[in-house]
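Containing mmCIF, C-alpha atoms: entry14.cif.
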```cif
data_query
#
loop_
_atom_site.label_atom_id
_atom_site.label_comp_id
_atom_site.auth_asym_id
_atom_site.auth_seq_id
_atom_site.Cartn_x
_atom_site.Cartn_y
_atom_site.Cartn_z
CA MET A 169 -34.05 -82.39 51.25
CA ARG A 170 -33.88 -85.48 49.04
CA ASN A 171 -35.03 -83.43 46.05
CA PHE A 172 -32.37 -80.84 46.81
CA ILE A 173 -29.62 -83.47 46.73
CA LEU A 174 -31.05 -84.89 43.49
CA ILE A 175 -30.97 -81.44 41.89
CA ILE A 176 -27.36 -80.93 42.99
CA ARG A 177 -26.39 -84.33 41.57
CA LYS A 178 -28.17 -83.65 38.31
CA TYR A 179 -26.71 -80.22 37.69
CA ASN A 180 -23.32 -80.66 39.38
CA PHE A 181 -21.47 -79.64 36.18
CA PHE A 182 -23.24 -76.33 35.96
CA ILE A 183 -23.00 -75.66 39.72
CA VAL A 184 -19.22 -76.22 39.70
CA PHE A 185 -19.01 -73.93 36.69
CA LEU A 186 -20.91 -71.20 38.54
CA LEU A 187 -18.74 -71.57 41.64
CA LEU A 188 -15.46 -71.34 39.72
CA GLN A 189 -16.79 -68.53 37.50
CA GLY A 190 -17.87 -66.65 40.63
CA LEU A 191 -14.38 -67.02 42.05
CA SER A 192 -12.83 -65.74 38.80
CA VAL A 193 -15.08 -62.70 38.60
CA TYR A 194 -14.44 -61.98 42.28
CA LEU A 195 -10.70 -61.98 41.59
CA LEU A 196 -11.20 -59.86 38.48
CA VAL A 197 -13.31 -57.20 40.20
CA ASN A 198 -10.95 -57.02 43.15
CA ASN A 199 -8.11 -56.59 40.69
CA ASN A 200 -9.96 -53.78 38.94
CA THR A 201 -10.13 -51.79 42.17
CA TYR A 202 -6.39 -52.35 42.61
CA GLN A 203 -6.91 -54.52 45.68
CA ARG A 204 -4.60 -57.26 44.53
CA GLU A 205 -5.64 -60.65 45.79
CA ALA A 206 -3.21 -62.17 48.32
CA VAL A 207 -2.77 -65.22 46.05
CA VAL A 208 -1.50 -63.09 43.22
CA SER A 209 0.73 -60.94 45.43
CA THR A 210 2.59 -63.88 46.95
CA SER A 211 2.96 -65.60 43.61
CA ASN A 212 4.35 -62.37 42.17
CA GLU A 213 7.63 -63.13 43.92
CA VAL A 214 7.92 -66.39 41.97
CA VAL A 215 6.69 -64.85 38.74
CA GLY A 216 9.02 -61.90 39.28
CA GLU A 217 12.04 -64.21 39.52
CA ILE A 218 11.15 -65.85 36.20
CA TYR A 219 10.66 -62.50 34.46
CA SER A 220 13.90 -61.28 36.01
CA ALA A 221 15.82 -64.21 34.50
CA TYR A 222 14.08 -63.64 31.16
CA SER A 223 14.95 -59.94 31.29
CA ASP A 224 18.62 -60.75 31.95
CA VAL A 225 18.67 -62.44 28.53
CA THR A 226 16.71 -59.80 26.61
CA ASP A 227 18.81 -57.01 28.15
CA TYR A 228 21.72 -58.11 25.98
CA LEU A 229 19.59 -57.73 22.87
CA THR A 230 18.68 -54.10 23.67
CA LEU A 231 22.14 -53.08 24.94
CA GLY A 232 22.78 -51.02 21.82
CA ILE A 233 19.62 -48.94 22.15
CA THR A 234 20.06 -48.55 25.91
CA ASN A 235 23.62 -47.30 25.41
CA ARG A 236 22.47 -44.76 22.86
CA LEU A 237 19.71 -43.51 25.21
CA LEU A 238 22.16 -43.20 28.10
CA ALA A 239 24.63 -41.33 25.94
CA GLU A 240 21.89 -38.95 24.82
CA GLU A 241 20.84 -38.39 28.40
CA ASN A 242 24.46 -37.72 29.42
CA ALA A 243 24.77 -35.16 26.64
CA ARG A 244 21.57 -33.48 27.75
CA LEU A 245 22.63 -33.39 31.40
CA ARG A 246 26.06 -32.05 30.48
CA ARG A 247 24.39 -29.33 28.44
CA ALA A 248 22.28 -28.37 31.48
CA ASP A 249 25.29 -28.36 33.82
CA SER A 250 26.32 -24.91 35.06
CA THR A 251 29.79 -25.27 33.50
CA SER A 252 28.15 -25.27 30.06
CA PHE A 253 26.74 -21.78 30.54
CA TYR A 254 28.47 -18.48 30.02
CA ASP A 255 27.95 -16.49 33.18
CA SER A 256 26.40 -13.23 31.93
CA ASP A 257 24.02 -12.30 34.73
CA PHE A 258 25.48 -11.14 38.03
CA LYS A 259 22.15 -11.25 39.86
CA LEU A 260 22.10 -15.04 39.56
CA MET A 261 25.38 -15.20 41.43
CA LYS A 262 23.83 -13.53 44.46
CA VAL A 263 21.01 -16.00 45.08
CA ASN A 264 21.37 -17.26 48.64
CA ASP A 265 21.17 -21.02 48.47
CA THR A 266 20.83 -21.77 52.20
CA ILE A 267 17.05 -21.84 51.87
CA GLY A 268 17.37 -24.60 49.28
CA PHE A 269 15.90 -27.84 50.57
CA GLN A 270 15.95 -31.17 48.85
CA GLN A 271 12.41 -32.33 48.08
CA TYR A 272 12.85 -35.20 45.60
CA GLU A 273 15.07 -38.25 45.60
CA TYR A 274 15.40 -40.61 42.64
CA ILE A 275 15.66 -44.40 42.83
CA THR A 276 16.97 -46.02 39.64
CA SER A 277 15.27 -49.19 38.52
CA LYS A 278 15.11 -51.61 35.62
CA VAL A 279 11.94 -52.55 33.71
CA ILE A 280 11.53 -56.33 33.84
CA ASN A 281 8.04 -56.63 32.35
CA ASN A 282 5.99 -54.24 30.26
CA SER A 283 2.93 -54.24 28.02
CA VAL A 284 1.37 -51.68 25.68
CA THR A 285 -1.36 -53.70 23.96
CA LYS A 286 -3.95 -54.05 26.74
CA VAL A 287 -6.67 -51.64 27.86
CA ASN A 288 -4.98 -51.39 31.27
CA ASN A 289 -1.21 -51.70 31.00
CA TYR A 290 1.16 -52.31 33.89
CA ILE A 291 4.96 -52.24 34.18
CA THR A 292 6.99 -54.38 36.60
CA LEU A 293 10.22 -52.94 38.06
CA ASP A 294 13.03 -54.70 39.93
CA ALA A 295 12.92 -52.39 42.97
CA GLY A 296 10.68 -52.98 46.00
CA TYR A 297 10.57 -52.35 49.73
CA ASN A 298 14.28 -53.23 49.84
CA LYS A 299 15.13 -50.04 47.88
CA GLY A 300 12.62 -47.81 49.65
CA VAL A 301 9.82 -47.95 47.09
CA ARG A 302 6.34 -47.30 48.51
CA LYS A 303 2.84 -47.28 47.01
CA ASP A 304 1.74 -44.15 45.08
CA MET A 305 5.25 -42.94 44.25
CA SER A 306 5.56 -41.53 40.73
CA VAL A 307 7.81 -43.05 38.07
CA ILE A 308 9.56 -41.10 35.29
CA SER A 309 12.05 -41.99 32.58
CA SER A 310 14.77 -39.87 31.02
CA ASN A 311 12.18 -38.76 28.43
CA GLY A 312 9.13 -38.05 30.58
CA VAL A 313 6.38 -39.46 32.80
CA VAL A 314 5.88 -43.22 33.01
CA GLY A 315 3.30 -44.01 35.72
CA ILE A 316 2.48 -44.52 39.39
CA VAL A 317 3.53 -47.35 41.73
CA LYS A 318 0.45 -49.44 42.53
CA ASP A 319 1.77 -52.46 44.42
CA VAL A 320 5.09 -53.24 46.13
CA SER A 321 6.66 -56.54 47.21
CA GLU A 322 10.06 -57.16 48.80
CA HIS A 323 12.08 -56.97 45.57
CA PHE A 324 9.61 -55.82 42.90
CA CYS A 325 6.90 -53.28 42.29
CA THR A 326 4.14 -52.92 39.70
CA VAL A 327 3.49 -49.56 38.06
CA MET A 328 0.19 -48.42 36.57
CA SER A 329 1.51 -47.16 33.28
CA MET A 330 0.44 -43.92 31.55
CA LEU A 331 -1.12 -46.34 29.02
CA ASN A 332 -3.97 -47.28 31.37
CA SER A 333 -7.61 -46.30 31.11
CA LYS A 334 -7.57 -45.25 34.78
CA THR A 335 -4.52 -42.98 34.60
CA ARG A 336 -5.32 -39.26 34.74
CA ILE A 337 -2.46 -36.77 35.04
CA SER A 338 -2.77 -33.08 35.87
CA THR A 339 -0.81 -31.28 33.15
CA MET A 340 -0.33 -27.79 31.75
CA ILE A 341 0.86 -26.08 28.61
CA LYS A 342 4.31 -24.97 29.59
CA LYS A 343 4.39 -21.60 27.79
CA ASN A 344 1.16 -20.13 29.19
CA GLY A 345 0.17 -22.28 32.19
CA TYR A 346 -3.33 -23.39 31.09
CA PHE A 347 -3.92 -26.69 32.83
CA GLY A 348 -6.05 -29.78 32.18
CA SER A 349 -6.05 -33.56 32.55
CA THR A 350 -4.10 -35.84 30.23
CA ILE A 351 -5.53 -39.32 29.69
CA TRP A 352 -4.46 -42.09 27.34
CA SER A 353 -6.37 -42.28 24.05
CA GLY A 354 -6.66 -46.07 24.47
CA SER A 355 -5.46 -47.14 21.04
CA SER A 356 -1.94 -46.03 20.11
CA PRO A 357 0.85 -46.28 22.71
CA MET A 358 2.23 -42.99 21.36
CA MET A 359 -0.83 -40.74 21.78
CA ALA A 360 -2.88 -39.23 24.64
CA ASN A 361 -5.68 -36.64 24.93
CA LEU A 362 -5.42 -33.35 26.82
CA LEU A 363 -8.81 -32.29 28.17
CA ASP A 364 -10.32 -29.17 29.75
CA ILE A 365 -8.20 -26.56 27.92
CA PRO A 366 -10.51 -23.55 27.33
CA SER A 367 -11.03 -22.62 23.67
CA HIS A 368 -9.61 -19.11 24.11
CA ALA A 369 -6.21 -20.48 25.19
CA LYS A 370 -3.51 -20.04 22.54
CA VAL A 371 -2.07 -23.43 21.61
CA ASN A 372 0.19 -24.33 18.72
CA ILE A 373 1.26 -27.68 17.34
CA GLY A 374 4.56 -28.64 18.98
CA ASP A 375 3.88 -26.90 22.31
CA THR A 376 5.35 -28.69 25.33
CA ILE A 377 2.99 -30.32 27.86
CA VAL A 378 4.41 -30.74 31.40
CA THR A 379 3.08 -31.88 34.77
CA THR A 380 1.67 -29.36 37.27
CA SER A 381 2.40 -29.19 40.98
CA PHE A 382 -1.14 -30.51 41.66
CA SER A 383 -0.13 -33.90 40.32
CA ILE A 384 1.62 -36.72 42.13
CA TYR A 385 4.64 -36.04 39.87
CA PRO A 386 7.25 -33.36 40.47
CA LYS A 387 6.42 -30.11 38.65
CA ASN A 388 7.54 -29.52 35.06
CA ILE A 389 8.19 -33.14 34.09
CA MET A 390 7.78 -33.54 30.33
CA VAL A 391 4.62 -35.40 29.22
CA GLY A 392 4.62 -34.79 25.46
CA ARG A 393 4.06 -32.34 22.64
CA VAL A 394 0.84 -31.10 21.04
CA ALA A 395 0.23 -33.08 17.83
CA GLU A 396 -3.28 -32.14 16.79
CA ILE A 397 -5.80 -29.44 17.81
CA GLY A 398 -9.59 -29.65 17.41
CA THR A 399 -12.62 -28.28 19.22
CA SER A 400 -15.13 -30.19 21.31
CA GLY A 401 -18.32 -28.28 21.99
CA GLU A 402 -18.26 -24.53 22.61
CA SER A 403 -15.86 -24.00 25.42
CA PHE A 404 -13.07 -26.55 25.27
CA LYS A 405 -10.33 -27.53 22.87
CA GLU A 406 -9.70 -31.16 21.98
CA ILE A 407 -5.94 -31.62 21.98
CA LYS A 408 -4.01 -34.72 20.98
CA VAL A 409 -0.60 -35.15 22.58
CA ARG A 410 2.32 -37.20 21.28
CA LEU A 411 3.84 -38.75 24.42
CA SER A 412 7.53 -38.11 24.94
CA THR A 413 8.16 -41.47 26.60
CA ASP A 414 8.45 -44.36 24.14
CA PHE A 415 6.55 -47.03 26.07
CA GLN A 416 7.44 -49.70 23.53
CA ASN A 417 11.10 -49.27 24.25
CA ILE A 418 11.65 -48.47 27.89
CA SER A 419 14.27 -50.22 30.01
CA TYR A 420 15.53 -47.90 32.79
CA VAL A 421 13.33 -45.59 34.89
CA TYR A 422 13.53 -43.43 38.01
CA ILE A 423 11.14 -43.83 40.93
CA VAL A 424 10.57 -40.44 42.58
CA ARG A 425 10.51 -40.18 46.37
CA ASP A 426 8.81 -36.98 47.50
CA ILE A 427 10.23 -36.20 50.95
CA LEU A 428 7.52 -33.63 51.71
CA LYS A 429 4.62 -35.82 50.50
CA ILE A 430 3.52 -37.03 53.96
CA GLU A 431 3.54 -33.47 55.32
CA ARG A 432 1.50 -32.20 52.36
CA ASP A 433 -0.98 -35.10 52.45
CA THR A 434 -1.52 -34.75 56.20
CA LEU A 435 -2.14 -31.02 55.88
CA GLU A 436 -4.58 -31.43 52.98
CA ALA A 437 -6.45 -34.23 54.78
CA ARG A 438 -6.67 -32.16 57.96
CA THR A 439 -8.07 -29.20 56.06
CA VAL A 440 -10.76 -31.35 54.48
CA ALA A 441 -11.55 -32.98 57.83
CA ASN A 442 -11.86 -29.61 59.60
CA ASP A 443 -14.17 -28.43 56.88
CA GLN A 444 -16.78 -31.12 57.54
CA MET B 758 -2.93 -94.03 29.78
CA ILE B 759 0.10 -92.90 31.78
CA SER B 760 1.82 -91.67 28.64
CA GLU B 761 -1.27 -89.64 27.69
CA LEU B 762 -1.27 -88.05 31.16
CA PHE B 763 2.40 -87.21 30.72
CA ALA B 764 1.86 -85.85 27.20
CA ASN B 765 -0.90 -83.53 28.42
CA PHE B 766 1.18 -82.30 31.35
CA PHE B 767 4.14 -81.65 29.07
CA ARG B 768 1.88 -79.81 26.61
CA PHE B 769 0.53 -77.64 29.45
CA ILE B 770 4.02 -76.57 30.59
CA LEU B 771 5.26 -75.99 27.04
CA LEU B 772 2.23 -73.92 25.97
CA LEU B 773 2.34 -71.88 29.20
CA PHE B 774 5.95 -70.89 28.55
CA VAL B 775 5.40 -70.23 24.84
CA GLN B 776 2.42 -68.02 25.74
CA VAL B 777 4.12 -66.04 28.50
CA LEU B 778 7.66 -65.73 27.17
CA VAL B 779 7.03 -65.46 23.41
CA LEU B 780 3.45 -64.58 22.40
CA ASP B 781 2.73 -62.08 25.20
CA GLN B 782 5.92 -60.20 24.32
CA ILE B 783 4.81 -59.52 20.73
CA GLU B 784 4.03 -55.84 20.33
CA ILE B 785 3.27 -54.45 16.91
CA SER B 786 3.56 -50.69 16.71
CA GLY B 787 1.15 -48.46 14.84
CA PRO B 788 -2.64 -48.53 14.41
CA VAL B 789 -2.85 -52.36 14.27
CA ASN B 790 -1.50 -52.55 17.83
CA GLY B 791 -3.64 -54.98 19.87
CA TYR B 792 -5.24 -56.59 16.84
CA PHE B 793 -2.73 -59.42 16.58
CA ASN B 794 -2.47 -60.97 20.03
CA ALA B 795 -2.45 -64.76 19.96
CA TYR B 796 -3.61 -66.94 22.84
CA LEU B 797 -2.17 -70.31 21.79
CA TYR B 798 -2.37 -71.77 25.31
CA ILE B 799 -6.04 -72.75 24.80
CA LEU B 800 -4.74 -75.52 22.49
CA PHE B 801 -4.06 -77.45 25.72
CA LEU B 802 -7.77 -77.30 26.62
CA LEU B 803 -8.85 -78.12 23.05
CA MET B 804 -6.64 -81.25 22.93
CA LEU B 805 -7.73 -82.79 26.26
CA PRO B 806 -9.19 -86.31 25.73
CA VAL B 807 -12.67 -86.43 24.18
CA ASN B 808 -14.23 -88.43 27.03
CA ILE B 809 -12.62 -86.48 29.91
CA ASN B 810 -14.71 -86.09 33.10
CA ARG B 811 -16.56 -82.81 32.76
CA LEU B 812 -15.80 -81.63 36.30
CA LEU B 813 -12.10 -82.36 35.77
CA LEU B 814 -12.31 -80.37 32.52
CA LEU B 815 -13.69 -77.32 34.38
CA LEU B 816 -10.99 -77.62 37.04
CA LEU B 817 -8.23 -77.81 34.40
CA CYS B 818 -9.73 -74.79 32.61
CA PHE B 819 -9.61 -72.80 35.83
CA ILE B 820 -6.02 -73.86 36.62
CA THR B 821 -4.83 -73.04 33.08
CA GLY B 822 -6.51 -69.64 33.11
CA ILE B 823 -5.27 -68.66 36.56
CA SER B 824 -1.69 -69.71 35.64
CA ILE B 825 -1.73 -67.33 32.67
CA ASP B 826 -3.32 -64.66 34.89
CA MET B 827 -0.47 -64.86 37.39
CA PHE B 828 2.00 -63.95 34.66
CA THR B 829 -0.07 -61.19 33.06
CA GLY B 830 -1.26 -59.73 36.39
CA THR B 831 -4.92 -59.91 35.36
CA ALA B 832 -6.31 -62.04 38.21
CA GLY B 833 -9.37 -64.00 37.06
CA MET B 834 -9.64 -62.70 33.50
CA HIS B 835 -8.18 -65.66 31.60
CA ALA B 836 -9.60 -68.07 34.20
CA SER B 837 -13.10 -66.78 33.54
CA ALA B 838 -12.74 -66.97 29.73
CA CYS B 839 -11.29 -70.52 29.97
CA LEU B 840 -14.22 -71.62 32.16
CA ILE B 841 -16.68 -70.47 29.50
CA LEU B 842 -14.68 -72.50 26.97
CA GLY B 843 -14.90 -75.51 29.36
CA LEU B 844 -18.64 -74.99 29.77
CA ILE B 845 -19.49 -75.20 26.07
CA ARG B 846 -16.81 -77.73 24.98
CA PRO B 847 -18.69 -80.98 25.89
CA GLY B 848 -21.98 -79.76 24.41
CA PHE B 849 -20.33 -78.49 21.23
CA LEU B 850 -18.42 -81.77 20.76
CA ASN B 851 -21.76 -83.65 20.99
CA LEU B 852 -23.30 -81.24 18.48
CA ILE B 853 -20.68 -81.92 15.79
CA ALA B 854 -20.31 -85.63 16.64
CA PRO B 855 -20.54 -88.16 13.80
CA ARG B 856 -23.75 -90.23 13.79
CA GLU B 857 -22.17 -93.24 15.53
CA GLY B 858 -20.57 -91.03 18.25
CA TYR B 859 -16.91 -90.66 19.09
CA GLU B 860 -14.54 -93.56 19.67
CA SER B 861 -13.02 -93.22 23.12
CA THR B 862 -9.52 -93.46 21.61
CA LEU B 863 -10.08 -90.51 19.22
CA ARG B 864 -7.47 -87.79 19.61
CA LEU B 865 -8.69 -84.26 19.07
CA THR B 866 -6.09 -83.33 16.46
CA ILE B 867 -6.31 -82.10 12.90
CA GLN B 868 -5.02 -85.45 11.62
CA SER B 869 -7.48 -87.77 13.38
CA MET B 870 -10.55 -85.50 13.27
CA GLY B 871 -10.14 -84.35 9.69
CA GLY B 872 -9.35 -80.83 8.57
CA SER B 873 -12.81 -79.27 8.28
CA THR B 874 -14.23 -80.79 11.50
CA PHE B 875 -11.19 -79.72 13.48
CA LEU B 876 -11.29 -76.19 12.02
CA VAL B 877 -14.98 -75.82 13.01
CA TYR B 878 -14.32 -77.30 16.49
CA ALA B 879 -11.23 -75.21 17.26
CA GLY B 880 -12.48 -72.11 15.42
CA VAL B 881 -15.78 -71.78 17.29
CA LEU B 882 -14.23 -72.46 20.72
CA THR B 883 -11.36 -70.02 20.03
CA PHE B 884 -13.84 -67.34 18.96
CA VAL B 885 -15.97 -67.83 22.10
CA HIS B 886 -12.89 -67.76 24.35
CA HIS B 887 -11.48 -64.60 22.73
CA LEU B 888 -14.87 -62.87 22.78
CA SER B 889 -15.37 -63.46 26.50
CA LEU B 890 -11.74 -62.55 27.21
CA PHE B 891 -11.93 -59.19 25.41
CA ILE B 892 -15.31 -58.31 26.90
CA LEU B 893 -13.91 -59.01 30.37
CA GLU B 894 -10.81 -56.95 29.55
CA ALA B 895 -12.78 -53.92 28.37
CA PHE B 896 -15.50 -54.42 31.02
CA ASN B 897 -17.93 -52.29 29.03
CA PHE B 898 -19.64 -52.24 25.63
CA LEU B 899 -18.31 -48.94 24.31
CA ASN B 900 -16.55 -49.41 20.95
CA PHE B 901 -18.20 -52.82 20.60
CA PHE B 902 -17.50 -53.09 16.85
CA ASP B 903 -13.86 -52.27 17.42
CA LEU B 904 -13.79 -55.02 20.04
CA LEU B 905 -15.50 -57.47 17.68
CA LEU B 906 -12.94 -56.70 14.99
CA ARG B 907 -10.14 -57.39 17.49
CA VAL B 908 -11.79 -60.70 18.45
CA ILE B 909 -11.94 -61.75 14.79
CA THR B 910 -8.35 -60.78 13.88
CA CYS B 911 -6.92 -62.30 17.07
CA SER B 912 -8.96 -65.50 16.56
CA ILE B 913 -7.60 -65.84 13.04
CA PHE B 914 -4.07 -65.31 14.33
CA THR B 915 -4.52 -67.90 17.10
CA MET B 916 -6.06 -70.43 14.67
CA LEU B 917 -3.13 -69.92 12.30
CA LEU B 918 -0.71 -70.80 15.12
CA ILE B 919 -2.85 -73.78 16.23
CA VAL B 920 -2.91 -75.27 12.71
CA MET B 921 0.81 -74.60 12.26
CA SER B 922 1.71 -76.29 15.55
CA GLN B 923 -0.50 -79.29 14.68
CA VAL B 924 1.12 -79.72 11.27
CA LEU B 925 4.61 -79.32 12.74
CA SER B 926 4.04 -81.88 15.53
CA GLN B 927 2.70 -84.33 12.90
CA ARG B 928 5.82 -83.80 10.78
CA SER B 929 8.13 -84.47 13.73
CA LYS B 930 6.29 -87.73 14.50
CA GLU B 931 6.64 -88.86 10.88
CA VAL B 932 10.37 -88.15 11.00
CA GLU B 933 10.71 -90.14 14.23
CA GLY B 934 8.58 -93.03 12.94
#
```
Take the structure in the file and write it out as structure tokens.
Amino acid sequence: MRNFILIIRKYNFFIVFLLLQGLSVYLLVNNNTYQREAVVSTSNEVVGEIYSAYSDVTDYLTLGITNRLLAEENARLRRADSTSFYDSDFKLMKVNDTIGFQQYEYITSKVINNSVTKVNNYITLDAGYNKGVRKDMSVISSNGVVGIVKDVSEHFCTVMSMLNSKTRISTMIKKNGYFGSTIWSGSSPMMANLLDIPSHAKVNIGDTIVTTSFSIYPKNIMVGRVAEIGTSGESFKEIKVRLSTDFQNISYVYIVRDILKIERDTLEARTVANDQ
Amino acid sequence: MISELFANFFRFILLLFVQVLVLDQIEISGPVNGYFNAYLYILFLLMLPVNINRLLLLLLCFITGISIDMFTGTAGMHASACLILGLIRPGFLNLIAPREGYESTLRLTIQSMGGSTFLVYAGVLTFVHHLSLFILEAFNFLNFFDLLLRVITCSIFTMLLIVMSQVLSQRSKEVEG
């Protein structure tokens, strides 16, 4: 016992180092599995307030760009509005709309913190439980997909950005429906890789890549355009995608609430459970 | 003594805000993205008194790291890298000590240590901190040479800022005096 105390006294520096290092690594590993430590979650309210004040200042500096983006989006929406189309097809007029059923709702939100330089990037938004945001909702911008809500507090939420080594989105080539996973390339914030497209699929540079209905996103949300085509092995193409969302300049996003999500998840879980 | 305590506390707050509100917001587009991140906040740990209690040093390293982590949302990553810096700092200071040892009043700045000694002291500790930080960030050894290149460029960038801030603070003291 006396020897034990002597050893502790002699190596106290190294023992304290090991204890603190152990605590750090514990926090780090927990963070990696998305189980945010309670310490960090509660302090996020404080940190969020500081970022919010900081963002109030920087918002003025990007007002010009934001205005231009909003104007462009308005123009695009106006173009898509039914009044902009010449009504040439009578069959369209006869579609009975009473079976229409709203599935998605959109919550607008402002980006108050964002990074693109790390291996795992996260975005902080100024909407939380108070605006109806819940974990695992998808987030899109006016240009395309952004990410998935990972953690929610009363007034803020953090989003696992598309630029994250763990993000994997189910996507397809819009013109022919071949589907595969899109993951971030890890270096440039503009580029991603589209995997699992069979080599006999016809793909051209400039083809549109959109989300499938298998993904957590609504169907047909723009992801990007094909920028480069190569082959990997015998059976699959290696496709590089230029992302349509400019992650280095993103200030307003929409959080998507899928009204039918709970019903779908329950059904799929029940099927799997029955199967076992 | 009290004024030194106050100076260190002030330096901690100032460097924390500079790191979080200025340096972490720098994003360079294109292929060099991620190669020029600076982590100036470690200057606080480098400039702590030479004869500081080693346990207190470890505790301050942990607090500094975890404060940065709270802002970047990377619980434990900076804390862990700072602790490694705190582990080797006392031993490394002994290694490069002059023959007669350090005077207890010596300040660990570029002016009182001399240019080359300070550059070796700060350079090696910065490199070790950045190396452990980036390894923890990647959490694997794929693309190790790419990672090493990032460590080197970021270390150079951080050192540049450290030397600049040292020279500037010296200038402002001369103007006051």
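The shortest atom-to-atom distance to Met305 (chain A), with all atoms listed in the file taken into account, belongs to A:Ser383 out of A:Thr339, A:Ser383, A:Ser419, A:Asn171.
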Select, from A:Val284, A:Leu245, A:Met169, A:Ile365, the residue with the minimum atom-to-atom distance to chain B, counting all atoms listed in the file.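 Once distances to chain B are computed over all atoms listed in the file, the minimum belongs to A:Val284.
A straight line drawn from CA of Gly232 (chain A) to CA of Lys278 (chain A) is 15.8 Å long.
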Which is closest to chain B among A:Asn417, A:Gln444, A:Asn298, A:Asn372, if we use all atoms listed in the file? A:Asn417
Considering only C-alpha atoms, tabulate each residue of region 312-379 of chain A that lies at most 12 Å from region 813-833 of chain B along with its nearest interatomic pair and the corresponding distance in Å to one decimal; arrange the rows by chain and ascending residue number and present them as a Markdown table.
```
| residue | atom | partner | partner_atom | distance |
| --- | --- | --- | --- | --- |
| A:Asp319 | CA | B:Gly830 | CA | 11.2 |
| A:Cys325 | CA | B:Gly830 | CA | 12.0 |
| A:Thr326 | CA | B:Gly830 | CA | 9.3 |
| A:Val327 | CA | B:Gly830 | CA | 11.3 |
| A:Met328 | CA | B:Gly830 | CA | 11.4 |
```
Can you translate the PyMOL selection byres ((chain B and resi 876-891) around 9) into the concrete residues it hits in this file, as a PyMOL selection string? chain B and resi 796+799-800+803+834-835+837-842+845-846+849-850+853+867+871-875+892-896+904-905+907-909+911-913+915-916+919-920
Do you know which residues are at most 12 Å from Leu186 (chain A) counting only C-alpha atoms, after dropping those on the same chain fewer than 3 positions away, and could you put them as a ChimeraX atom specification? /A:179-183,189-194 /B:812,815-816,819,837,840-841,843-844
Can you patch up region 872-885 of chain B, filling it in to N, CA and C atoms, and show the result as a PDB file, in the coordinates of the input?
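So the final result, stored in selection_33.pdb, reads:
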```pdb
ATOM      1  N   GLY B 872      -9.615 -82.265   8.611  1.00  0.00           N
ATOM      2  CA  GLY B 872      -9.350 -80.830   8.570  1.00  0.00           C
ATOM      3  C   GLY B 872     -10.564 -79.981   8.876  1.00  0.00           C
ATOM      4  N   SER B 873     -11.680 -80.198   8.149  1.00  0.00           N
ATOM      5  CA  SER B 873     -12.810 -79.270   8.280  1.00  0.00           C
ATOM      6  C   SER B 873     -13.451 -79.386   9.669  1.00  0.00           C
ATOM      7  N   THR B 874     -13.623 -80.635  10.181  1.00  0.00           N
ATOM      8  CA  THR B 874     -14.230 -80.790  11.500  1.00  0.00           C
ATOM      9  C   THR B 874     -13.390 -80.113  12.563  1.00  0.00           C
ATOM     10  N   PHE B 875     -12.062 -80.326  12.472  1.00  0.00           N
ATOM     11  CA  PHE B 875     -11.190 -79.720  13.480  1.00  0.00           C
ATOM     12  C   PHE B 875     -11.246 -78.198  13.402  1.00  0.00           C
ATOM     13  N   LEU B 876     -11.259 -77.656  12.167  1.00  0.00           N
ATOM     14  CA  LEU B 876     -11.290 -76.190  12.020  1.00  0.00           C
ATOM     15  C   LEU B 876     -12.568 -75.622  12.629  1.00  0.00           C
ATOM     16  N   VAL B 877     -13.713 -76.290  12.418  1.00  0.00           N
ATOM     17  CA  VAL B 877     -14.980 -75.820  13.010  1.00  0.00           C
ATOM     18  C   VAL B 877     -14.878 -75.911  14.534  1.00  0.00           C
ATOM     19  N   TYR B 878     -14.424 -77.070  15.035  1.00  0.00           N
ATOM     20  CA  TYR B 878     -14.320 -77.300  16.490  1.00  0.00           C
ATOM     21  C   TYR B 878     -13.427 -76.252  17.142  1.00  0.00           C
ATOM     22  N   ALA B 879     -12.175 -76.132  16.633  1.00  0.00           N
ATOM     23  CA  ALA B 879     -11.230 -75.210  17.260  1.00  0.00           C
ATOM     24  C   ALA B 879     -11.632 -73.760  17.007  1.00  0.00           C
ATOM     25  N   GLY B 880     -12.140 -73.479  15.789  1.00  0.00           N
ATOM     26  CA  GLY B 880     -12.480 -72.110  15.420  1.00  0.00           C
ATOM     27  C   GLY B 880     -13.569 -71.531  16.314  1.00  0.00           C
ATOM     28  N   VAL B 881     -14.658 -72.288  16.496  1.00  0.00           N
ATOM     29  CA  VAL B 881     -15.780 -71.780  17.290  1.00  0.00           C
ATOM     30  C   VAL B 881     -15.351 -71.586  18.745  1.00  0.00           C
ATOM     31  N   LEU B 882     -14.638 -72.588  19.316  1.00  0.00           N
ATOM     32  CA  LEU B 882     -14.230 -72.460  20.720  1.00  0.00           C
ATOM     33  C   LEU B 882     -13.235 -71.315  20.908  1.00  0.00           C
ATOM     34  N   THR B 883     -12.318 -71.143  19.950  1.00  0.00           N
ATOM     35  CA  THR B 883     -11.360 -70.020  20.030  1.00  0.00           C
ATOM     36  C   THR B 883     -12.103 -68.693  20.008  1.00  0.00           C
ATOM     37  N   PHE B 884     -13.076 -68.585  19.083  1.00  0.00           N
ATOM     38  CA  PHE B 884     -13.840 -67.340  18.960  1.00  0.00           C
ATOM     39  C   PHE B 884     -14.567 -67.029  20.278  1.00  0.00           C
ATOM     40  N   VAL B 885     -15.218 -68.054  20.848  1.00  0.00           N
ATOM     41  CA  VAL B 885     -15.970 -67.830  22.100  1.00  0.00           C
ATOM     42  C   VAL B 885     -15.016 -67.414  23.221  1.00  0.00           C
TER      43      VAL B 885
END
```
